[in-house]
$ cat data18.txt   # compact mmCIF, C-alpha atoms
# COMPACT_ATOMS: atom_id res chain seq x y z
CA MET A 1 48.09 100.63 96.71
CA THR A 2 50.60 102.54 94.58
CA PHE A 3 52.00 105.89 95.66
CA VAL A 4 53.35 108.42 93.17
CA SER A 5 55.82 111.01 94.34
CA VAL A 6 55.17 114.52 93.04
CA PRO A 7 57.74 117.24 93.83
CA ARG A 8 56.26 120.26 95.55
CA LEU A 9 58.91 122.73 94.44
CA GLY A 10 61.50 122.99 91.77
CA LEU A 11 61.84 123.85 88.13
CA ARG A 12 60.88 120.34 86.97
CA GLY A 13 57.50 120.48 88.73
CA ARG A 14 56.70 123.90 87.32
CA LEU A 15 57.68 122.86 83.83
CA HIS A 16 55.56 119.70 84.12
CA THR A 17 52.51 121.72 85.20
CA LYS A 18 53.04 124.25 82.42
CA ARG A 19 53.33 121.44 79.87
CA LEU A 20 50.07 119.87 81.09
CA ARG A 21 48.26 123.16 80.77
CA SER A 22 49.48 123.69 77.23
CA VAL A 23 48.36 120.22 76.12
CA SER A 24 45.03 119.51 77.78
CA PRO A 25 41.93 121.30 76.43
CA ARG A 26 40.35 120.98 79.88
CA TRP A 27 43.01 123.33 81.27
CA ARG A 28 41.92 125.89 78.71
CA ALA A 29 38.35 125.44 79.89
CA VAL A 30 39.27 125.78 83.57
CA ARG A 31 41.70 128.66 83.25
CA PRO A 32 40.92 130.69 80.10
CA GLU A 33 42.94 133.58 78.72
CA VAL A 34 41.21 136.19 80.87
CA ARG A 35 43.22 138.81 82.74
CA VAL A 36 40.86 141.03 84.73
CA GLY A 37 42.85 141.63 87.91
CA GLY A 38 41.47 139.13 90.42
CA ARG A 39 38.58 136.84 91.11
CA THR A 40 36.38 139.55 92.62
CA ARG A 41 36.58 141.76 89.57
CA LEU A 42 36.01 138.74 87.35
CA ALA A 43 32.89 137.78 89.31
CA VAL A 44 31.50 141.33 89.17
CA LYS A 45 32.01 141.62 85.42
CA SER A 46 30.57 138.21 84.63
CA GLY A 47 27.63 138.82 86.98
CA ALA A 48 26.86 142.17 85.36
CA ILE A 49 26.95 140.61 81.90
CA GLY A 50 24.67 137.83 83.13
CA VAL A 51 22.08 140.24 84.51
CA LEU A 52 22.03 142.32 81.33
CA ALA A 53 21.90 139.24 79.09
CA GLY A 54 19.16 137.60 81.15
CA LEU A 55 17.08 140.77 81.22
CA VAL A 56 17.34 141.59 77.52
CA GLY A 57 17.32 137.96 76.37
CA THR A 58 14.16 137.08 78.26
CA LEU A 59 12.51 140.33 77.26
CA VAL A 60 12.90 139.43 73.57
CA GLY A 61 12.78 135.63 73.93
CA ALA A 62 16.34 135.11 72.74
CA GLY A 63 17.88 133.62 75.86
CA GLY A 64 20.68 136.20 76.20
CA GLY A 65 23.33 134.72 73.91
CA VAL A 66 23.14 137.76 71.63
CA ILE A 67 24.31 139.85 74.61
CA THR A 68 26.64 137.46 76.42
CA THR A 69 28.72 136.53 73.37
CA PRO A 70 29.86 140.02 72.28
CA LEU A 71 30.37 141.26 75.85
CA ALA A 72 32.41 138.20 76.78
CA VAL A 73 34.75 139.08 73.92
CA ALA A 74 34.85 142.84 74.58
CA TRP A 75 34.89 142.91 78.39
CA LEU A 76 36.42 139.59 79.40
CA GLY A 77 38.90 139.00 76.59
CA LEU A 78 37.60 135.62 75.51
CA THR A 79 38.15 134.36 72.00
CA GLN A 80 35.11 134.09 69.77
CA HIS A 81 34.89 130.34 70.19
CA GLN A 82 35.27 130.57 73.97
CA ALA A 83 32.60 133.25 74.11
CA HIS A 84 30.16 131.12 72.12
CA GLY A 85 30.73 128.05 74.30
CA THR A 86 30.60 129.92 77.61
CA SER A 87 27.50 131.90 76.68
CA LEU A 88 25.50 128.69 76.22
CA THR A 89 25.81 127.93 79.95
CA ALA A 90 24.23 131.29 80.78
CA VAL A 91 21.62 130.80 78.05
CA THR A 92 20.54 127.58 79.73
CA ALA A 93 19.98 129.30 83.09
CA SER A 94 18.18 132.21 81.43
CA ALA A 95 15.96 129.88 79.41
CA VAL A 96 14.89 127.86 82.46
CA PHE A 97 13.91 130.82 84.61
CA GLY A 98 12.63 132.88 81.69
CA THR A 99 10.27 130.06 80.73
CA ALA A 100 9.04 129.88 84.31
CA GLY A 101 8.31 133.61 84.23
CA TYR A 102 6.36 133.50 80.97
CA PHE A 103 4.36 130.49 82.14
CA ALA A 104 3.62 131.90 85.60
CA HIS A 105 2.49 135.31 84.30
CA GLY A 106 -0.12 134.13 81.82
CA GLY A 107 0.79 130.67 80.56
CA PHE A 108 2.63 132.04 77.49
CA VAL A 109 4.27 128.69 76.65
CA ASP A 110 3.08 126.17 74.06
CA ARG A 111 4.50 123.02 75.63
CA ARG A 112 3.69 120.71 72.72
CA ALA A 113 5.32 123.00 70.16
CA ALA A 114 8.35 123.42 72.43
CA ALA A 115 8.68 119.63 72.78
CA LEU A 116 8.61 119.10 69.01
CA ILE A 117 11.23 121.79 68.43
CA THR A 118 13.41 120.42 71.21
CA ALA A 119 13.32 116.84 69.91
CA THR A 120 15.17 117.61 66.67
CA ALA A 121 17.24 120.48 68.08
CA LEU A 122 18.89 118.04 70.47
CA LEU A 123 20.12 116.03 67.50
CA THR A 124 21.67 118.94 65.61
CA ALA A 125 23.09 121.08 68.46
CA PRO A 126 26.28 118.96 68.86
CA ALA A 127 26.86 119.10 65.09
CA GLY A 128 26.66 122.88 65.16
CA ALA A 129 29.11 123.09 68.06
CA ALA A 130 31.54 120.80 66.24
CA ALA A 131 31.21 122.83 63.03
CA ALA A 132 32.06 126.03 64.90
CA THR A 133 35.62 124.80 65.50
CA HIS A 134 36.22 124.67 61.72
CA VAL A 135 35.20 128.28 61.09
CA THR A 136 37.63 131.17 61.67
CA PRO A 137 36.62 133.57 64.49
CA ARG A 138 36.35 136.56 62.15
CA ARG A 139 34.11 134.73 59.71
CA LEU A 140 32.02 133.36 62.58
CA ARG A 141 31.44 136.89 63.87
CA ARG A 142 30.32 138.08 60.44
CA TYR A 143 27.93 135.16 59.99
CA PHE A 144 26.44 135.89 63.37
CA GLY A 145 26.05 139.60 62.61
CA VAL A 146 24.46 139.16 59.20
CA PHE A 147 22.08 136.59 60.64
CA LEU A 148 20.89 138.98 63.38
CA VAL A 149 20.40 141.89 60.97
CA VAL A 150 18.27 139.71 58.69
CA VAL A 151 16.17 138.58 61.65
CA ALA A 152 15.64 142.18 62.78
CA LEU A 153 14.43 143.22 59.35
CA LEU A 154 12.14 140.22 59.03
CA LEU A 155 10.48 141.00 62.35
CA GLN A 156 9.53 144.44 61.11
CA THR A 157 7.77 142.94 58.09
CA ARG A 158 5.32 141.18 60.39
CA ARG A 159 2.54 143.64 59.57
CA TRP A 160 2.60 142.46 55.94
CA TRP A 161 2.26 138.83 56.96
CA SER A 162 -1.41 139.03 57.76
CA HIS A 163 -2.06 135.35 57.15
CA GLY A 164 -0.09 132.34 58.29
CA LEU A 165 -0.50 128.76 59.28
CA ASP A 166 -2.31 128.16 62.56
CA VAL A 167 0.09 126.72 65.14
CA GLN A 168 -2.55 124.16 66.08
CA LEU A 169 -2.69 122.62 62.58
CA PRO A 170 -1.33 119.05 62.39
CA PHE A 171 0.94 120.02 59.48
CA ALA A 172 2.57 122.79 61.49
CA ARG A 173 3.08 120.57 64.50
CA MET A 174 4.23 117.39 62.76
CA ILE A 175 6.29 118.86 59.91
CA GLY A 176 7.11 122.51 60.53
CA MET A 177 8.14 122.30 64.19
CA PRO A 178 10.67 119.44 63.81
CA ILE A 179 12.27 121.18 60.81
CA LEU A 180 12.44 124.43 62.76
CA GLY A 181 13.99 122.54 65.68
CA ALA A 182 16.70 121.01 63.50
CA ILE A 183 17.70 124.42 62.14
CA THR A 184 17.54 125.99 65.60
CA GLY A 185 19.71 123.34 67.22
CA PHE A 186 22.44 123.59 64.60
CA LEU A 187 22.58 127.40 64.75
CA SER A 188 22.51 127.32 68.54
CA GLY A 189 25.61 125.14 68.67
CA LEU A 190 27.34 127.00 65.84
CA LEU A 191 26.73 130.58 67.03
CA GLY A 192 26.54 130.14 70.80
CA ILE A 193 22.97 131.43 71.00
CA GLY A 194 19.89 129.90 72.56
CA GLY A 195 17.94 129.56 69.35
CA GLY A 196 15.27 132.13 70.18
CA THR A 197 16.58 134.35 67.40
CA VAL A 198 15.41 131.64 65.01
CA VAL A 199 12.31 130.31 66.76
CA VAL A 200 10.68 133.65 67.60
CA PRO A 201 10.64 135.12 64.06
CA ALA A 202 9.72 131.73 62.55
CA LEU A 203 6.72 131.34 64.84
CA THR A 204 5.53 134.92 64.43
CA LEU A 205 6.22 135.35 60.70
CA LEU A 206 5.40 131.90 59.35
CA LEU A 207 2.83 130.60 61.82
CA SER A 208 1.24 133.85 63.03
CA VAL A 209 1.82 132.96 66.67
CA PRO A 210 1.29 135.90 69.09
CA GLN A 211 4.56 137.53 70.14
CA LYS A 212 4.40 136.64 73.84
CA LEU A 213 3.48 133.02 73.15
CA ALA A 214 6.27 132.76 70.58
CA GLN A 215 8.86 134.13 73.02
CA GLY A 216 7.80 131.90 75.90
CA THR A 217 7.76 128.85 73.63
CA ALA A 218 11.17 129.72 72.21
CA LEU A 219 12.68 129.95 75.71
CA ALA A 220 11.21 126.57 76.65
CA ALA A 221 12.46 124.97 73.43
CA MET A 222 16.05 126.14 73.93
CA ILE A 223 16.63 124.69 77.41
CA LEU A 224 17.83 121.19 76.50
CA PRO A 225 19.57 122.11 73.20
CA SER A 226 21.55 124.81 75.03
CA MET A 227 22.64 122.28 77.63
CA VAL A 228 23.74 119.83 74.94
CA GLY A 229 25.58 122.54 73.01
CA ALA A 230 27.32 123.79 76.16
CA ARG A 231 28.47 120.27 77.00
CA LYS A 232 29.87 119.80 73.49
CA HIS A 233 31.74 123.11 73.68
CA PHE A 234 33.12 122.10 77.08
CA MET A 235 34.48 118.89 75.62
CA LEU A 236 36.15 120.99 72.92
CA GLY A 237 37.72 123.29 75.53
CA ASN A 238 35.56 126.31 74.67
CA VAL A 239 33.94 126.90 78.08
CA SER A 240 35.50 129.28 80.62
CA LEU A 241 34.56 127.66 83.92
CA PRO A 242 35.57 130.61 86.17
CA LEU A 243 32.98 132.76 84.39
CA VAL A 244 30.10 130.28 84.62
CA PRO A 245 28.91 130.96 88.22
CA GLY A 246 28.70 134.72 87.75
CA LEU A 247 27.10 134.50 84.33
CA CYS A 248 24.51 131.95 85.43
CA LEU A 249 23.55 133.71 88.67
CA GLY A 250 23.30 137.04 86.86
CA SER A 251 21.24 135.47 84.10
CA ILE A 252 18.79 134.04 86.62
CA VAL A 253 18.23 137.45 88.22
CA GLY A 254 17.92 139.19 84.86
CA SER A 255 15.59 136.60 83.38
CA LEU A 256 13.19 136.83 86.32
CA ILE A 257 13.00 140.60 85.88
CA GLY A 258 12.77 140.41 82.09
CA GLY A 259 10.02 137.79 82.16
CA GLY A 260 7.90 139.93 84.46
CA ILE A 261 8.31 142.98 82.24
CA ALA A 262 7.71 141.14 78.95
CA THR A 263 4.37 139.70 80.02
CA GLN A 264 3.09 143.21 80.80
CA LEU A 265 3.98 144.76 77.43
CA ALA A 266 1.96 144.74 74.22
CA ASP A 267 3.02 142.37 71.43
CA GLU A 268 3.97 145.22 69.10
CA SER A 269 6.24 146.75 71.75
CA LEU A 270 7.98 143.40 72.24
CA ARG A 271 8.42 143.00 68.48
CA ILE A 272 10.05 146.42 68.21
CA ALA A 273 12.32 145.63 71.15
CA CYS A 274 13.38 142.38 69.46
CA SER A 275 14.21 144.16 66.23
CA ILE A 276 16.25 146.89 67.92
CA VAL A 277 18.32 144.46 69.99
CA PHE A 278 18.99 142.08 67.10
CA PHE A 279 19.82 144.88 64.66
CA LEU A 280 22.29 146.73 66.93
CA VAL A 281 24.14 143.59 67.97
CA GLY A 282 24.14 142.32 64.40
CA ILE A 283 25.65 145.53 63.01
CA ARG A 284 28.42 145.42 65.58
CA TYR A 285 29.30 141.86 64.62
CA ALA A 286 28.98 142.23 60.86
CA LEU A 287 31.28 145.26 60.59
$ encode --input "data18.txt" --output "structure tokens"
Amino acid sequence: MTFVSVPRLGLRGRLHTKRLRSVSPRWRAVRPEVRVGGRTRLAVKSGAIGVLAGLVGTLVGAGGGVITTPLAVAWLGLTQHQAHGTSLTAVTASAVFGTAGYFAHGGFVDRRAAALITATALLTAPAGAAAATHVTPRRLRRYFGVFLVVVALLLQTRRWWSHGLDVQLPFARMIGMPILGAITGFLSGLLGIGGGTVVVPALTLLLSVPQKLAQGTALAAMILPSMVGARKHFMLGNVSLPLVPGLCLGSIVGSLIGGGIATQLADESLRIACSIVFFLVGIRYAL
């Protein structure tokens, strides 16, 4: 057995530790650039963000990334890339418990459609996360904002899309769902979102799926891709580990509440709520 002597005190030990922290990306993941005045305050802030993100995200079927990402930047001082990577951990928790809520309160989950979307999303989520590191934070924010504004406007055109493909058609299942999953996975990894902002409007606008069923299916489809994207971001040093417990616990509480509320509302009310949330967050990011 070999023993290595490590000095407990002294300038050399401190300099060695500082040098390790500046080199290793894992140190950035464990101790991010967040100065909030103590662990308690950090836990309260991250927990509050998690509850809000879980509530709103599950209510609109988006997983909460559209809320977690901007608040992590504004309230917790994370960089844009750190916010995107960290938010995916909370999105995973929100998606799991949000899906359970939609399924328990009426079976609003198409498991076959979710499986087809997930299959290809798993392949493209790591590519999206890797691509995010090559885009400047400012440009990434603008892309994210423009994307959300477009989604909000498309959702409000639903009344003019009176006819669409039936989700049960073989073409929709075998061709449309895998393509949708590939796009969803890439955008999930790139933007730090769960993918519901893509899946929900695609299912409702293109396939005429009822709003509640689309939202429950979107939450189910984003569970595994969000996990894969979060892992990739962690490997790249973009996950703030001290924030993860608070964000995840808060997201679980919020998603349980949001799922219960969503299943009691009319489809048109849910569609309006989706549009409002996406539009307001998108404007803030795009400007």
$ closest_atom_pairs --input "data18.txt" --of "region 67-111 of chain A" --to "region 282-287 of chain A" --cutoff "12 Å" --atoms "all atoms listed in the file" --output "tab-separated table"
residue	atom	partner	partner_atom	distance
A:Ile67	CA	A:Gly282	CA	10.5
A:Thr69	CA	A:Tyr285	CA	10.3
A:Pro70	CA	A:Tyr285	CA	7.9
A:Leu71	CA	A:Arg284	CA	11.3
A:Val73	CA	A:Tyr285	CA	11.1
A:Ala74	CA	A:Arg284	CA	11.4
A:Gln80	CA	A:Tyr285	CA	11.0
$ residues_around --input "data18.txt" --residues "region 250-252 of chain A" --least-positions-apart "5" --cutoff "12 Å" --atoms "all atoms listed in the file" --output "PyMOL selection string"
chain A and resi 43-58+63-65+67-68+87-101+243-245+257-259
$ closest_residue --input "data18.txt" --among "A:Ala220, A:Leu205, A:Leu155, A:Ala125" --to "Ala113 (chain A)" --atoms "only C-alpha atoms"
A:Ala220
$ atom_distance --input "data18.txt" --atom1 "CA of Glu268 (chain A)" --atom2 "CA of Pro210 (chain A)"
9.7 Å
$ residues_around --input "data18.txt" --residues "Leu203 (chain A)" --least-positions-apart "6" --cutoff "9 Å" --atoms "all atoms listed in the file" --output "number ranges by chain"
A: 167, 209-211, 214-215, 218
$ closest_residue --input "data18.txt" --among "A:Gly145, A:Pro225, A:Gly61, A:Gly216" --to "Gly189 (chain A)" --atoms "all atoms listed in the file"
A:Pro225
$ atom_distance --input "data18.txt" --atom1 "CA of Val109 (chain A)" --atom2 "CA of Ala127 (chain A)"
27.1 Å
$ atom_distance --input "data18.txt" --atom1 "CA of Thr184 (chain A)" --atom2 "CA of Ile276 (chain A)"
21.1 Å
